[in-house]
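J.: Sharing final_12.cif, mmCIF, C-alpha atoms:
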```
data_data
#
loop_
_atom_site.label_atom_id
_atom_site.label_comp_id
_atom_site.auth_asym_id
_atom_site.auth_seq_id
_atom_site.Cartn_x
_atom_site.Cartn_y
_atom_site.Cartn_z
CA MET S 1148 25.72 56.08 1.20
CA ARG S 1149 22.18 56.47 2.52
CA LYS S 1150 21.00 53.83 4.99
CA THR S 1151 17.31 52.95 5.47
CA TRP S 1152 16.11 50.68 8.26
CA ILE S 1153 12.79 48.91 7.68
CA LYS S 1154 11.86 47.37 11.00
CA ASP S 1155 9.48 44.73 12.32
CA ALA S 1156 7.62 43.84 9.13
CA LEU S 1157 6.12 40.45 8.34
CA ILE S 1158 8.64 39.35 5.71
CA ILE S 1159 7.19 37.01 3.08
CA ASN S 1160 10.09 35.52 1.17
CA GLU S 1161 11.40 32.15 -0.06
CA GLY S 1162 8.44 30.16 1.24
CA ARG S 1163 8.45 31.64 4.73
CA SER S 1164 6.66 34.38 6.66
CA TYR S 1165 8.42 35.81 9.72
CA THR S 1166 8.86 39.06 11.60
CA GLY S 1167 12.07 40.77 10.62
CA SER S 1168 13.90 43.90 9.56
CA LEU S 1169 16.03 45.02 6.61
CA LEU S 1170 18.91 47.41 6.26
CA LEU S 1171 19.15 49.10 2.88
CA GLU S 1172 22.41 50.79 1.86
CA GLY S 1173 22.21 52.68 -1.40
CA ASP S 1174 20.50 50.53 -4.01
CA LYS S 1175 21.09 47.18 -2.26
CA ILE S 1176 19.86 45.17 0.71
CA SER S 1177 22.84 44.97 3.05
CA ALA S 1178 21.35 42.88 5.87
CA VAL S 1179 18.25 40.86 6.79
CA TYR S 1180 17.40 40.36 10.47
CA GLU S 1181 14.91 37.87 11.85
CA GLY S 1182 12.87 38.70 14.95
CA ASN S 1183 11.91 42.03 16.49
CA ALA S 1184 14.72 44.56 16.33
CA SER S 1185 15.70 47.87 17.85
CA VAL S 1186 16.62 50.86 15.70
CA CYS S 1187 19.74 50.29 13.62
CA PRO S 1188 22.56 52.64 14.69
CA GLY S 1189 23.58 55.02 11.95
CA ALA S 1190 20.40 54.69 9.90
CA ASP S 1191 19.47 57.86 8.01
CA GLU S 1192 15.81 56.82 7.96
CA VAL S 1193 13.75 54.42 10.03
CA ILE S 1194 10.49 52.99 8.68
CA ASP S 1195 8.35 51.28 11.29
CA ALA S 1196 6.64 48.50 9.32
CA THR S 1197 4.90 46.86 12.25
CA GLY S 1198 1.80 45.10 10.97
CA LYS S 1199 2.83 45.48 7.32
CA TRP S 1200 3.82 42.71 4.88
CA LEU S 1201 7.23 43.08 3.24
CA MET S 1202 7.88 41.28 -0.04
CA PRO S 1203 10.37 41.50 -2.89
CA GLY S 1204 9.15 43.72 -5.69
CA MET S 1205 7.06 41.89 -8.26
CA ILE S 1206 8.46 41.11 -11.72
CA ASP S 1207 6.01 41.21 -14.63
CA ASP S 1208 7.27 39.29 -17.66
CA GLN S 1209 4.59 40.50 -20.07
CA VAL S 1210 3.45 44.09 -20.50
CA HIS S 1211 2.55 46.32 -23.41
CA PHE S 1212 3.40 49.88 -22.36
CA ARG S 1213 2.61 51.14 -25.90
CA GLU S 1214 5.69 53.26 -26.57
CA PRO S 1215 6.58 54.14 -29.27
CA GLY S 1216 3.71 54.82 -31.63
CA LEU S 1217 0.66 54.02 -29.49
CA THR S 1218 1.17 56.51 -26.69
CA HIS S 1219 -2.40 57.79 -26.67
CA LYS S 1220 -3.16 54.53 -24.78
CA GLY S 1221 -0.13 54.46 -22.45
CA ASP S 1222 3.59 55.09 -22.38
CA LEU S 1223 6.71 54.03 -20.51
CA HIS S 1224 6.31 56.83 -17.97
CA SER S 1225 2.60 56.50 -17.23
CA GLU S 1226 2.43 52.73 -17.07
CA SER S 1227 5.64 52.33 -15.06
CA ARG S 1228 4.13 54.73 -12.50
CA ALA S 1229 1.09 52.45 -12.31
CA ALA S 1230 3.43 49.48 -11.94
CA VAL S 1231 5.24 50.81 -8.86
CA ALA S 1232 1.89 51.85 -7.37
CA GLY S 1233 0.97 48.18 -7.67
CA GLY S 1234 4.18 46.83 -6.17
CA VAL S 1235 5.69 45.82 -9.54
CA THR S 1236 9.31 46.96 -9.64
CA THR S 1237 10.49 45.27 -12.86
CA PHE S 1238 8.76 44.81 -16.21
CA MET S 1239 9.49 43.16 -19.55
CA ASP S 1240 7.83 45.02 -22.40
CA MET S 1241 6.63 43.37 -25.60
CA PRO S 1242 7.75 44.27 -29.15
CA ASN S 1243 4.45 44.95 -30.95
CA THR S 1244 4.72 48.75 -30.89
CA LYS S 1245 4.99 51.16 -33.83
CA PRO S 1246 7.64 50.68 -35.04
CA GLN S 1247 7.97 47.12 -33.84
CA THR S 1248 10.97 46.11 -31.75
CA THR S 1249 12.43 43.88 -34.45
CA THR S 1250 15.72 45.71 -35.14
CA LEU S 1251 18.61 46.60 -32.87
CA GLU S 1252 18.00 50.27 -33.63
CA HIS S 1253 14.46 50.13 -32.29
CA LEU S 1254 15.51 48.05 -29.26
CA HIS S 1255 18.18 50.58 -28.31
CA TRP S 1256 15.71 53.44 -28.71
CA LYS S 1257 13.40 51.80 -26.18
CA LEU S 1258 16.24 51.22 -23.73
CA GLU S 1259 17.33 54.85 -23.96
CA ARG S 1260 13.76 56.12 -23.61
CA ALA S 1261 13.09 53.96 -20.54
CA ALA S 1262 16.28 55.26 -18.90
CA GLU S 1263 14.83 58.75 -19.22
CA VAL S 1264 11.26 58.15 -18.02
CA SER S 1265 10.63 54.75 -16.37
CA ALA S 1266 9.79 54.65 -12.67
CA ALA S 1267 10.44 50.88 -12.60
CA ASN S 1268 13.26 48.64 -13.75
CA TYR S 1269 12.89 47.73 -17.39
CA SER S 1270 13.80 45.43 -20.24
CA PHE S 1271 12.37 44.64 -23.65
CA PHE S 1272 11.64 41.47 -25.57
CA PHE S 1273 12.92 41.38 -29.13
CA GLY S 1274 10.38 40.43 -31.75
CA GLY S 1275 10.95 37.64 -34.22
CA THR S 1276 9.56 37.96 -37.74
CA ASN S 1277 9.65 35.96 -40.93
CA ASP S 1278 12.75 37.83 -42.09
CA ASN S 1279 14.89 39.22 -39.23
CA ILE S 1280 17.07 36.24 -38.29
CA ASN S 1281 20.24 38.28 -38.92
CA GLU S 1282 19.16 40.84 -36.31
CA ILE S 1283 18.45 38.04 -33.84
CA ARG S 1284 22.00 36.74 -34.31
CA ARG S 1285 23.43 40.12 -33.26
CA LEU S 1286 21.54 40.44 -29.95
CA ASP S 1287 23.34 40.96 -26.65
CA LYS S 1288 21.87 38.18 -24.52
CA THR S 1289 22.55 40.02 -21.27
CA ARG S 1290 20.21 42.86 -22.25
CA ILE S 1291 17.02 41.07 -23.30
CA PRO S 1292 14.79 38.50 -21.58
CA GLY S 1293 14.26 36.63 -24.83
CA LEU S 1294 12.51 36.53 -28.18
CA LYS S 1295 8.78 37.06 -28.62
CA LEU S 1296 7.02 35.18 -31.39
CA PHE S 1297 3.39 35.55 -32.38
CA LEU S 1298 2.17 32.15 -33.56
CA GLY S 1299 -1.42 33.34 -33.83
CA SER S 1300 -3.31 36.38 -35.07
CA SER S 1301 -1.22 39.53 -35.13
CA THR S 1302 -0.68 42.74 -37.03
CA GLY S 1303 1.96 43.88 -39.46
CA ASN S 1304 4.95 41.60 -39.80
CA MET S 1305 4.79 40.13 -36.29
CA LEU S 1306 2.95 36.94 -37.25
CA VAL S 1307 5.58 34.25 -37.81
CA ASP S 1308 3.80 31.83 -40.11
CA LYS S 1309 6.60 30.33 -42.20
CA LYS S 1310 7.49 26.88 -40.96
CA GLU S 1311 11.07 27.13 -42.19
CA THR S 1312 11.53 30.40 -40.24
CA LEU S 1313 10.18 28.85 -37.04
CA GLU S 1314 12.44 25.84 -37.45
CA GLN S 1315 15.44 28.11 -37.96
CA ILE S 1316 14.72 30.30 -34.94
CA PHE S 1317 13.93 27.36 -32.64
CA SER S 1318 17.01 25.41 -33.70
CA GLU S 1319 19.54 28.23 -33.90
CA THR S 1320 19.00 30.43 -30.84
CA ASP S 1321 19.60 29.51 -27.21
CA LEU S 1322 17.57 32.51 -26.08
CA LEU S 1323 14.26 31.91 -24.33
CA ILE S 1324 11.46 31.94 -26.91
CA ALA S 1325 8.20 33.37 -25.55
CA VAL S 1326 5.15 32.66 -27.67
CA HIS S 1327 1.63 33.91 -28.12
CA ALA S 1328 0.04 30.65 -29.24
CA GLU S 1329 -3.31 30.65 -31.05
CA ARG S 1330 -3.94 28.89 -34.37
CA GLU S 1331 -4.96 31.49 -36.94
CA GLU S 1332 -6.69 29.02 -39.25
CA ILE S 1333 -8.98 27.80 -36.46
CA ILE S 1334 -9.83 31.36 -35.43
CA LYS S 1335 -10.77 32.24 -39.01
CA HIS S 1336 -12.86 29.09 -39.31
CA ASN S 1337 -14.72 29.93 -36.11
CA ILE S 1338 -15.40 33.50 -37.27
CA ASN S 1339 -16.89 32.22 -40.51
CA TYR S 1340 -18.95 29.62 -38.68
CA TYR S 1341 -20.52 32.01 -36.17
CA THR S 1342 -21.03 34.93 -38.56
CA ASN S 1343 -22.78 32.63 -41.02
CA LEU S 1344 -25.12 31.54 -38.22
CA TYR S 1345 -25.69 34.84 -36.39
CA GLY S 1346 -24.37 37.66 -38.58
CA LYS S 1347 -21.37 39.91 -38.06
CA ASP S 1348 -22.67 41.77 -34.99
CA LEU S 1349 -21.56 39.13 -32.49
CA ASP S 1350 -21.56 40.11 -28.83
CA ILE S 1351 -18.67 39.53 -26.43
CA THR S 1352 -19.92 36.08 -25.36
CA PHE S 1353 -18.74 34.73 -28.73
CA HIS S 1354 -15.13 35.75 -28.09
CA SER S 1355 -14.16 32.55 -26.24
CA LYS S 1356 -15.95 30.50 -28.88
CA ILE S 1357 -13.97 32.12 -31.68
CA ARG S 1358 -10.62 32.13 -29.87
CA SER S 1359 -11.42 28.70 -28.61
CA GLU S 1360 -9.71 26.03 -26.55
CA GLU S 1361 -8.96 24.22 -29.80
CA ALA S 1362 -7.24 27.29 -31.31
CA CYS S 1363 -5.04 27.67 -28.23
CA TYR S 1364 -4.16 24.03 -27.74
CA ALA S 1365 -3.38 23.38 -31.40
CA SER S 1366 -0.80 26.16 -31.43
CA SER S 1367 0.66 25.55 -27.96
CA SER S 1368 1.03 21.81 -28.47
CA GLU S 1369 2.73 22.31 -31.82
CA ALA S 1370 5.19 24.74 -30.23
CA VAL S 1371 5.92 22.24 -27.44
CA LYS S 1372 6.58 19.48 -29.97
CA MET S 1373 8.97 21.67 -31.94
CA ALA S 1374 10.80 22.89 -28.85
CA THR S 1375 11.11 19.33 -27.52
CA ARG S 1376 12.45 18.05 -30.83
CA LEU S 1377 14.98 20.88 -31.20
CA GLY S 1378 15.90 21.35 -27.52
CA SER S 1379 14.72 24.97 -27.41
CA ARG S 1380 13.83 27.06 -24.36
CA LEU S 1381 10.09 27.65 -24.83
CA HIS S 1382 7.93 29.89 -22.63
CA ILE S 1383 4.18 29.83 -23.37
CA LEU S 1384 2.58 33.15 -22.50
CA HIS S 1385 -0.94 33.75 -21.11
CA LEU S 1386 -2.18 30.16 -20.91
CA SER S 1387 -5.96 30.17 -20.85
CA THR S 1388 -7.15 26.54 -20.91
CA ALA S 1389 -6.99 23.45 -18.76
CA ARG S 1390 -5.85 21.47 -21.77
CA GLU S 1391 -2.81 23.68 -22.33
CA ALA S 1392 -1.81 23.40 -18.67
CA SER S 1393 -1.55 19.65 -19.22
CA LEU S 1394 1.35 20.30 -21.62
CA LEU S 1395 3.55 21.48 -18.74
CA ASN S 1396 5.53 19.36 -16.30
CA SER S 1397 5.12 19.90 -12.56
CA SER S 1398 7.43 17.07 -11.50
CA ILE S 1399 10.79 18.69 -12.28
CA PRO S 1400 12.36 21.84 -10.78
CA LEU S 1401 12.40 25.05 -12.77
CA ALA S 1402 16.18 24.89 -13.28
CA ASP S 1403 15.72 21.68 -15.28
CA LYS S 1404 12.74 22.82 -17.35
CA LYS S 1405 13.13 23.84 -20.97
CA ILE S 1406 9.39 24.33 -21.47
CA THR S 1407 7.69 26.75 -19.08
CA GLY S 1408 4.38 28.57 -18.84
CA GLU S 1409 2.82 31.80 -17.67
CA VAL S 1410 -0.75 32.58 -16.65
CA CYS S 1411 -2.19 36.06 -16.32
CA VAL S 1412 -4.22 37.46 -13.45
CA HIS S 1413 -7.37 37.91 -15.56
CA HIS S 1414 -7.41 34.23 -16.49
CA LEU S 1415 -7.16 33.36 -12.78
CA TRP S 1416 -9.88 35.83 -11.74
CA PHE S 1417 -12.58 36.01 -14.43
CA THR S 1418 -14.56 33.37 -16.36
CA ASP S 1419 -16.84 33.50 -19.39
CA GLU S 1420 -19.71 33.91 -16.91
CA ASP S 1421 -18.41 37.46 -16.34
CA TYR S 1422 -18.83 38.53 -19.99
CA PRO S 1423 -22.47 39.66 -19.60
CA ILE S 1424 -21.47 41.91 -16.67
CA SER S 1425 -18.04 43.20 -17.63
CA GLY S 1426 -18.46 43.09 -21.40
CA ASN S 1427 -15.58 44.21 -23.60
CA ARG S 1428 -13.57 45.37 -20.59
CA ILE S 1429 -12.48 41.75 -20.13
CA LYS S 1430 -11.87 41.04 -23.81
CA TRP S 1431 -8.32 39.70 -24.10
CA ASN S 1432 -6.45 37.52 -26.55
CA PRO S 1433 -6.38 34.66 -25.66
CA ALA S 1434 -9.96 34.86 -24.46
CA ILE S 1435 -11.13 34.31 -20.90
CA LYS S 1436 -12.74 30.90 -20.91
CA THR S 1437 -14.76 28.61 -18.62
CA LYS S 1438 -14.79 28.19 -14.85
CA LYS S 1439 -13.34 24.73 -15.41
CA ASP S 1440 -10.42 26.28 -17.27
CA ARG S 1441 -9.89 28.96 -14.60
CA ASP S 1442 -9.90 26.39 -11.80
CA ALA S 1443 -7.46 24.15 -13.66
CA LEU S 1444 -5.11 27.12 -14.17
CA ARG S 1445 -5.29 27.90 -10.46
CA ASP S 1446 -4.43 24.29 -9.68
CA ALA S 1447 -1.52 24.41 -12.13
CA VAL S 1448 -0.11 27.45 -10.32
CA ASN S 1449 -0.23 25.57 -7.04
CA THR S 1450 1.24 22.33 -8.38
CA GLY S 1451 4.11 24.06 -10.18
CA ALA S 1452 3.03 23.15 -13.71
CA ILE S 1453 2.61 26.88 -14.39
CA ASP S 1454 5.70 28.82 -13.39
CA ILE S 1455 4.84 32.53 -13.55
CA VAL S 1456 1.87 34.83 -12.91
CA ALA S 1457 1.89 38.06 -14.94
CA THR S 1458 -0.56 40.59 -16.38
CA ASP S 1459 -0.35 41.03 -20.18
CA HIS S 1460 -1.03 44.66 -19.25
CA ALA S 1461 -2.29 46.14 -22.54
CA PRO S 1462 -4.17 49.44 -22.22
CA HIS S 1463 -6.68 50.74 -24.75
CA LEU S 1464 -8.93 53.77 -24.56
CA LEU S 1465 -12.50 52.89 -23.62
CA GLY S 1466 -13.62 54.11 -27.03
CA GLU S 1467 -11.35 51.50 -28.62
CA LYS S 1468 -12.96 48.84 -26.42
CA ALA S 1469 -16.41 49.70 -27.81
CA GLY S 1470 -18.03 47.64 -30.52
CA ASN S 1471 -18.85 43.98 -30.99
CA CYS S 1472 -16.84 40.83 -30.48
CA LEU S 1473 -15.06 41.25 -33.81
CA THR S 1474 -14.35 44.99 -33.68
CA ALA S 1475 -13.61 45.87 -30.03
CA ALA S 1476 -9.92 46.06 -29.12
CA SER S 1477 -8.52 43.13 -27.13
CA GLY S 1478 -6.50 43.79 -24.00
CA GLY S 1479 -6.76 45.86 -20.86
CA PRO S 1480 -4.82 47.52 -18.03
CA LEU S 1481 -3.97 45.39 -14.97
CA ILE S 1482 -0.52 46.10 -13.53
CA GLN S 1483 -1.59 48.52 -10.79
CA HIS S 1484 -3.86 45.89 -9.26
CA SER S 1485 -2.24 42.55 -10.10
CA LEU S 1486 -0.54 41.97 -6.74
CA ILE S 1487 -3.49 42.93 -4.57
CA ALA S 1488 -5.79 40.81 -6.77
CA MET S 1489 -3.54 37.81 -6.19
CA LEU S 1490 -3.39 38.55 -2.46
CA GLU S 1491 -7.18 38.68 -2.33
CA MET S 1492 -7.28 35.24 -3.96
CA ALA S 1493 -4.79 34.12 -1.32
CA SER S 1494 -7.10 35.42 1.41
CA LYS S 1495 -9.79 33.12 0.00
CA GLY S 1496 -7.51 30.10 0.20
CA ILE S 1497 -6.92 29.78 -3.55
CA PHE S 1498 -3.20 30.41 -3.13
CA THR S 1499 -0.92 31.16 -0.18
CA ARG S 1500 0.83 34.50 0.16
CA GLU S 1501 4.12 32.66 -0.15
CA LYS S 1502 2.94 31.15 -3.45
CA VAL S 1503 2.01 34.61 -4.76
CA VAL S 1504 5.52 35.89 -4.03
CA GLU S 1505 7.05 32.78 -5.57
CA LYS S 1506 5.12 33.08 -8.83
CA MET S 1507 5.33 36.88 -9.19
CA ALA S 1508 8.87 37.58 -7.91
CA HIS S 1509 11.09 34.55 -7.26
CA LEU S 1510 10.37 32.40 -10.30
CA PRO S 1511 10.37 35.22 -12.87
CA ALA S 1512 13.85 36.10 -11.60
CA ASP S 1513 14.95 32.47 -11.80
CA LEU S 1514 13.37 31.60 -15.13
CA PHE S 1515 14.85 34.61 -16.94
CA HIS S 1516 18.18 34.48 -15.03
CA ILE S 1517 17.79 38.04 -13.79
CA ASP S 1518 20.77 39.48 -11.97
CA ARG S 1519 20.13 39.98 -8.20
CA ARG S 1520 16.41 40.69 -8.21
CA GLY S 1521 13.26 38.89 -7.11
CA TYR S 1522 14.36 37.94 -3.58
CA ILE S 1523 14.96 39.56 -0.22
CA ARG S 1524 18.64 38.68 0.22
CA PRO S 1525 21.77 40.58 1.26
CA GLY S 1526 23.54 41.91 -1.80
CA TYR S 1527 20.40 41.96 -3.93
CA TYR S 1528 18.86 45.13 -5.32
CA ALA S 1529 16.45 46.73 -2.86
CA ASP S 1530 13.28 46.22 -4.93
CA LEU S 1531 10.62 45.90 -2.25
CA VAL S 1532 6.92 46.31 -1.64
CA LEU S 1533 5.15 46.88 1.68
CA ILE S 1534 1.49 45.86 1.85
CA ASP S 1535 -0.95 47.29 4.39
CA PRO S 1536 -3.30 44.41 5.27
CA GLU S 1537 -5.57 46.71 7.29
CA ILE S 1538 -6.35 49.31 4.63
CA SER S 1539 -8.71 48.33 1.80
CA ILE S 1540 -8.93 50.17 -1.51
CA THR S 1541 -11.83 50.58 -3.90
CA VAL S 1542 -10.72 50.94 -7.51
CA ALA S 1543 -12.09 54.20 -8.90
CA LYS S 1544 -11.19 56.65 -11.64
CA GLU S 1545 -9.60 59.06 -9.17
CA ASN S 1546 -7.01 56.50 -8.00
CA ILE S 1547 -6.31 54.78 -11.35
CA LEU S 1548 -2.89 55.73 -12.73
CA TYR S 1549 -3.20 54.14 -16.17
CA LYS S 1550 -3.10 56.66 -18.99
CA CYS S 1551 -6.23 55.07 -20.47
CA GLY S 1552 -8.10 55.98 -17.27
CA TRP S 1553 -10.06 52.80 -16.55
CA SER S 1554 -9.72 49.34 -15.03
CA PRO S 1555 -11.63 46.05 -15.34
CA PHE S 1556 -11.64 46.10 -11.52
CA GLU S 1557 -13.44 49.46 -11.23
CA GLY S 1558 -15.86 49.41 -8.32
CA HIS S 1559 -14.21 46.41 -6.68
CA THR S 1560 -12.84 46.78 -3.16
CA PHE S 1561 -9.61 44.93 -2.47
CA PRO S 1562 -9.04 44.08 1.20
CA TYR S 1563 -5.36 45.13 1.05
CA SER S 1564 -3.41 48.03 -0.41
CA VAL S 1565 0.15 48.82 -1.43
CA TRP S 1566 1.72 51.11 1.19
CA LYS S 1567 5.26 51.66 -0.11
CA THR S 1568 7.34 50.47 -3.06
CA PHE S 1569 11.13 50.71 -3.25
CA VAL S 1570 12.97 50.57 -6.58
CA ASN S 1571 16.73 50.05 -6.15
CA GLY S 1572 16.48 51.40 -2.62
CA GLN S 1573 14.56 54.52 -3.65
CA LEU S 1574 11.06 55.13 -2.32
CA ALA S 1575 9.19 55.20 -5.62
CA TYR S 1576 5.66 54.97 -4.20
CA ASN S 1577 4.53 56.12 -0.78
CA ASN S 1578 0.99 55.80 0.53
CA GLY S 1579 -0.83 56.92 -2.61
CA ARG S 1580 1.84 59.07 -4.26
CA VAL S 1581 4.46 58.26 -6.91
CA ASP S 1582 7.80 60.04 -6.62
CA ASP S 1583 8.36 61.25 -10.18
CA THR S 1584 12.07 61.80 -9.59
CA VAL S 1585 12.77 58.07 -9.15
CA ARG S 1586 14.08 56.18 -12.17
CA GLY S 1587 14.46 52.45 -12.57
CA MET S 1588 17.48 50.63 -14.01
CA GLU S 1589 17.99 48.45 -17.05
CA VAL S 1590 17.67 44.81 -16.02
CA ARG S 1591 20.62 42.54 -16.76
CA TYR S 1592 20.38 38.84 -17.53
CA LYS S 1593 22.88 36.10 -16.69
CA ASN S 1594 22.39 34.25 -19.98
#
```
Is it possible to express this structure as structure tokens?

T.:
Amino acid sequence: MRKTWIKDALIINEGRSYTGSLLLEGDKISAVYEGNASVCPGADEVIDATGKWLMPGMIDDQVHFREPGLTHKGDLHSESRAAVAGGVTTFMDMPNTKPQTTTLEHLHWKLERAAEVSAANYSFFFGGTNDNINEIRRLDKTRIPGLKLFLGSSTGNMLVDKKETLEQIFSETDLLIAVHAEREEIIKHNINYYTNLYGKDLDITFHSKIRSEEACYASSSEAVKMATRLGSRLHILHLSTAREASLLNSSIPLADKKITGEVCVHHLWFTDEDYPISGNRIKWNPAIKTKKDRDALRDAVNTGAIDIVATDHAPHLLGEKAGNCLTAASGGPLIQHSLIAMLEMASKGIFTREKVVEKMAHLPADLFHIDRRGYIRPGYYADLVLIDPEISITVAKENILYKCGWSPFEGHTFPYSVWKTFVNGQLAYNNGRVDDTVRGMEVRYKN
């Protein structure tokens, strides 16, 4: 079994930062040493990580890697390569592909495809619809992170809008229920209101007015009420407003929470003041909103009200992002730059580095009950990322790995860069290069 010795890094893990070394044996961490260390006898490889930051690999609980059916935008191979280049070693992919992941057949196809091509560890949410409760009953709970429900605008059969169906799903399953929460009726009302005033060629600055605070809060609060009444495990994805953050409890530990929340990097970084500069490149659903909202979301990360930081990585071609507020595609690529964006915010005092690791590695592992990932501990899978705090990187087309070929961060210089990423003990990314022979593993859940 191959042994790798990573020596004298600054280990950032479980709320602490200290100089230490790791011994990797095969796909696991076999030992963690604190303090400066000499070379480990019998090591096949020694990596001198002096001056580097060593963290557990990040876990992203919300990505759209577009396979099957939308692979002109991205696919499991291309986007997982971008993930490991960004220090993300595990992802949970969403079900709104073509076909949608709403049957066991389509779920198993994705799992088999990822085993063939994914550079990172993988799992897939199962989509709930108005009419697939029998499929939900047959799910193997150890192989999925949970159910995904669209409670707002969606396409095809993914919008769950029958109250009796929601009641049945919330009351019957003990799986985590992750929701996209925006009230469709309010969105439609807002579209009619603004198009009657200004016509149908609305620019991007109207996006946060149409997908408004009211639309988000109405849907999120209703989901919280239902989950509270029925005792369901509810996880609210991509929170975008201060008002929604107030729905979450920061006074109890995660293990005791049944209602949890996620915020995405773009809602922590951008505000509606960035629309005139960045335009449709920062058009997401839910919309990026005010500085007050962004600052409240940052506070909620620090207080523990919000549990997880993720990306909602959702690539589109730039041509699909063209058009006005009503016609341009919503979503964008983020996973290659999510960790270094959060670390830049930490350098500005918005978060601590330890908090970044907690929200992007530890708590995703805990919330979803992931088996032996998300921490630097003996016996855990060797999913690791080494950050070089001395080497900056400017995001440019030549170093973007997304299949869509662009980033909302283009032109921005991050003060840090990802040096190496290990996936199950294998060096998947090394100083600018992805090893295309490395394959991730299916994630298992202790549900």

J.: So which residues get picked by the PyMOL selection byres ((chain S and resi 1534) around 8) here, written as a VMD selection string?

T.: chain S and resid 1199 to 1201 1532 to 1533 1535 to 1536 1563 to 1567

J.: Quick one: apply the PyMOL selection byres ((chain S and resi 1253-1261) around 12) to the file and drop the selected residues here as a PyMOL selection string.

T.: chain S and resi 1212-1216+1222-1227+1237-1252+1262-1274+1282-1283+1285-1287+1290-1291+1294+1586-1591

J.: Check what the PyMOL selection byres ((chain S and resi 1379) around 12) selects in the file above and give those residues as a PyMOL selection string.

T.: chain S and resi 1293-1294+1313-1325+1370-1378+1380-1382+1404-1407

J.: Of the residues S:Met1305, S:Cys1472, S:Ile1429, S:Val1193, which is the one nearest to Ile1351 of chain S, using only C-alpha atoms?

T.: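 Closest candidate: S:Cys1472.
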
J.: Distance cut-off 7 Å, centre (20.1, 39.1, -16.1) in file coordinates, counting all atoms listed in the file: which residues qualify? Return them as a list in words.

T.: Thr1289, Phe1515, His1516, Ile1517, Asp1518, Val1590, Arg1591, Tyr1592, Lys1593 and Asn1594 of chain S

J.: Hey, what's within 9 Å of Glu1391 of chain S if we count only C-alpha atoms and toss same-chain stuff fewer than 4 positions away? As a list in words, please?

T.: Glu1360, Cys1363, Tyr1364, Ser1367, Ser1368, Leu1386, Ser1387 and Leu1395 of chain S

J.: Report as JSON lines the residues of segment 1508-1575 of chain S within 9 Å of segment 1202-1206 of chain S, each with its shortest atom pair and distance in Å (one decimal), using only C-alpha atoms, ordered by chain and increasing residue number.

T.:
```
{"residue": "S:Ala1508", "atom": "CA", "partner": "S:Met1205", "partner_atom": "CA", "distance": 4.7}
{"residue": "S:His1509", "atom": "CA", "partner": "S:Pro1203", "partner_atom": "CA", "distance": 8.2}
{"residue": "S:Pro1511", "atom": "CA", "partner": "S:Ile1206", "partner_atom": "CA", "distance": 6.3}
{"residue": "S:Ala1512", "atom": "CA", "partner": "S:Ile1206", "partner_atom": "CA", "distance": 7.4}
{"residue": "S:Arg1520", "atom": "CA", "partner": "S:Pro1203", "partner_atom": "CA", "distance": 8.1}
{"residue": "S:Gly1521", "atom": "CA", "partner": "S:Pro1203", "partner_atom": "CA", "distance": 5.7}
{"residue": "S:Tyr1522", "atom": "CA", "partner": "S:Pro1203", "partner_atom": "CA", "distance": 5.4}
{"residue": "S:Ile1523", "atom": "CA", "partner": "S:Pro1203", "partner_atom": "CA", "distance": 5.7}
{"residue": "S:Ala1529", "atom": "CA", "partner": "S:Pro1203", "partner_atom": "CA", "distance": 8.0}
{"residue": "S:Asp1530", "atom": "CA", "partner": "S:Gly1204", "partner_atom": "CA", "distance": 4.9}
{"residue": "S:Leu1531", "atom": "CA", "partner": "S:Gly1204", "partner_atom": "CA", "distance": 4.3}
{"residue": "S:Val1532", "atom": "CA", "partner": "S:Gly1204", "partner_atom": "CA", "distance": 5.3}
{"residue": "S:Leu1533", "atom": "CA", "partner": "S:Met1202", "partner_atom": "CA", "distance": 6.5}
{"residue": "S:Ile1534", "atom": "CA", "partner": "S:Met1202", "partner_atom": "CA", "distance": 8.1}
{"residue": "S:Thr1568", "atom": "CA", "partner": "S:Gly1204", "partner_atom": "CA", "distance": 7.5}
{"residue": "S:Phe1569", "atom": "CA", "partner": "S:Gly1204", "partner_atom": "CA", "distance": 7.7}
{"residue": "S:Val1570", "atom": "CA", "partner": "S:Gly1204", "partner_atom": "CA", "distance": 7.9}
```

J.: Please report the interatomic distance between atom CA of Tyr1576 of chain S and atom CA of Thr1541 of chain S in Å with one decimal.

T.: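 Going from atom CA of Tyr1576 of chain S over to atom CA of Thr1541 of chain S, I get 18.0 Å.
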
J.: Using all atoms listed in the file, can you tell me which of S:Asp1174, S:Glu1192, S:Glu1331, S:Asp1446 comes closest to Val1585 of chain S?

T.: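 Closest to Val1585 of chain S of all the choices is S:Asp1174.
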
J.: Which distance in Å separates atom CA of Ile1280 of chain S and atom CA of Lys1295 of chain S, to one decimal?

T.: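 Distance between the two atoms: 12.8 Å.
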
J.: Counting all atoms listed in the file, which residue out of S:His1354, S:Leu1464, S:Thr1218, S:Arg1390 sits closest to Asp1419 of chain S?

T.: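 Closest to Asp1419 of chain S, using all atoms listed in the file: S:His1354.
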
J.: Would you compute an axis-aligned box for segment 1203-1216 of chain S, covering every atom listed for it in the file with 8 Å of margin on each side, and report centre and edge lengths in Å to one decimal as AutoDock Vina command-line options?

T.:
```
--center_x 6.5 --center_y 47.1 --center_z -17.3 --size_x 23.8 --size_y 31.5 --size_z 44.7
```

J.: Could you check which of S:Arg1358, S:His1211, S:Lys1506, S:Arg1500 is closest to Ile1435 of chain S, using only C-alpha atoms?

T.: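 Nearest to Ile1435 of chain S: S:Arg1358.
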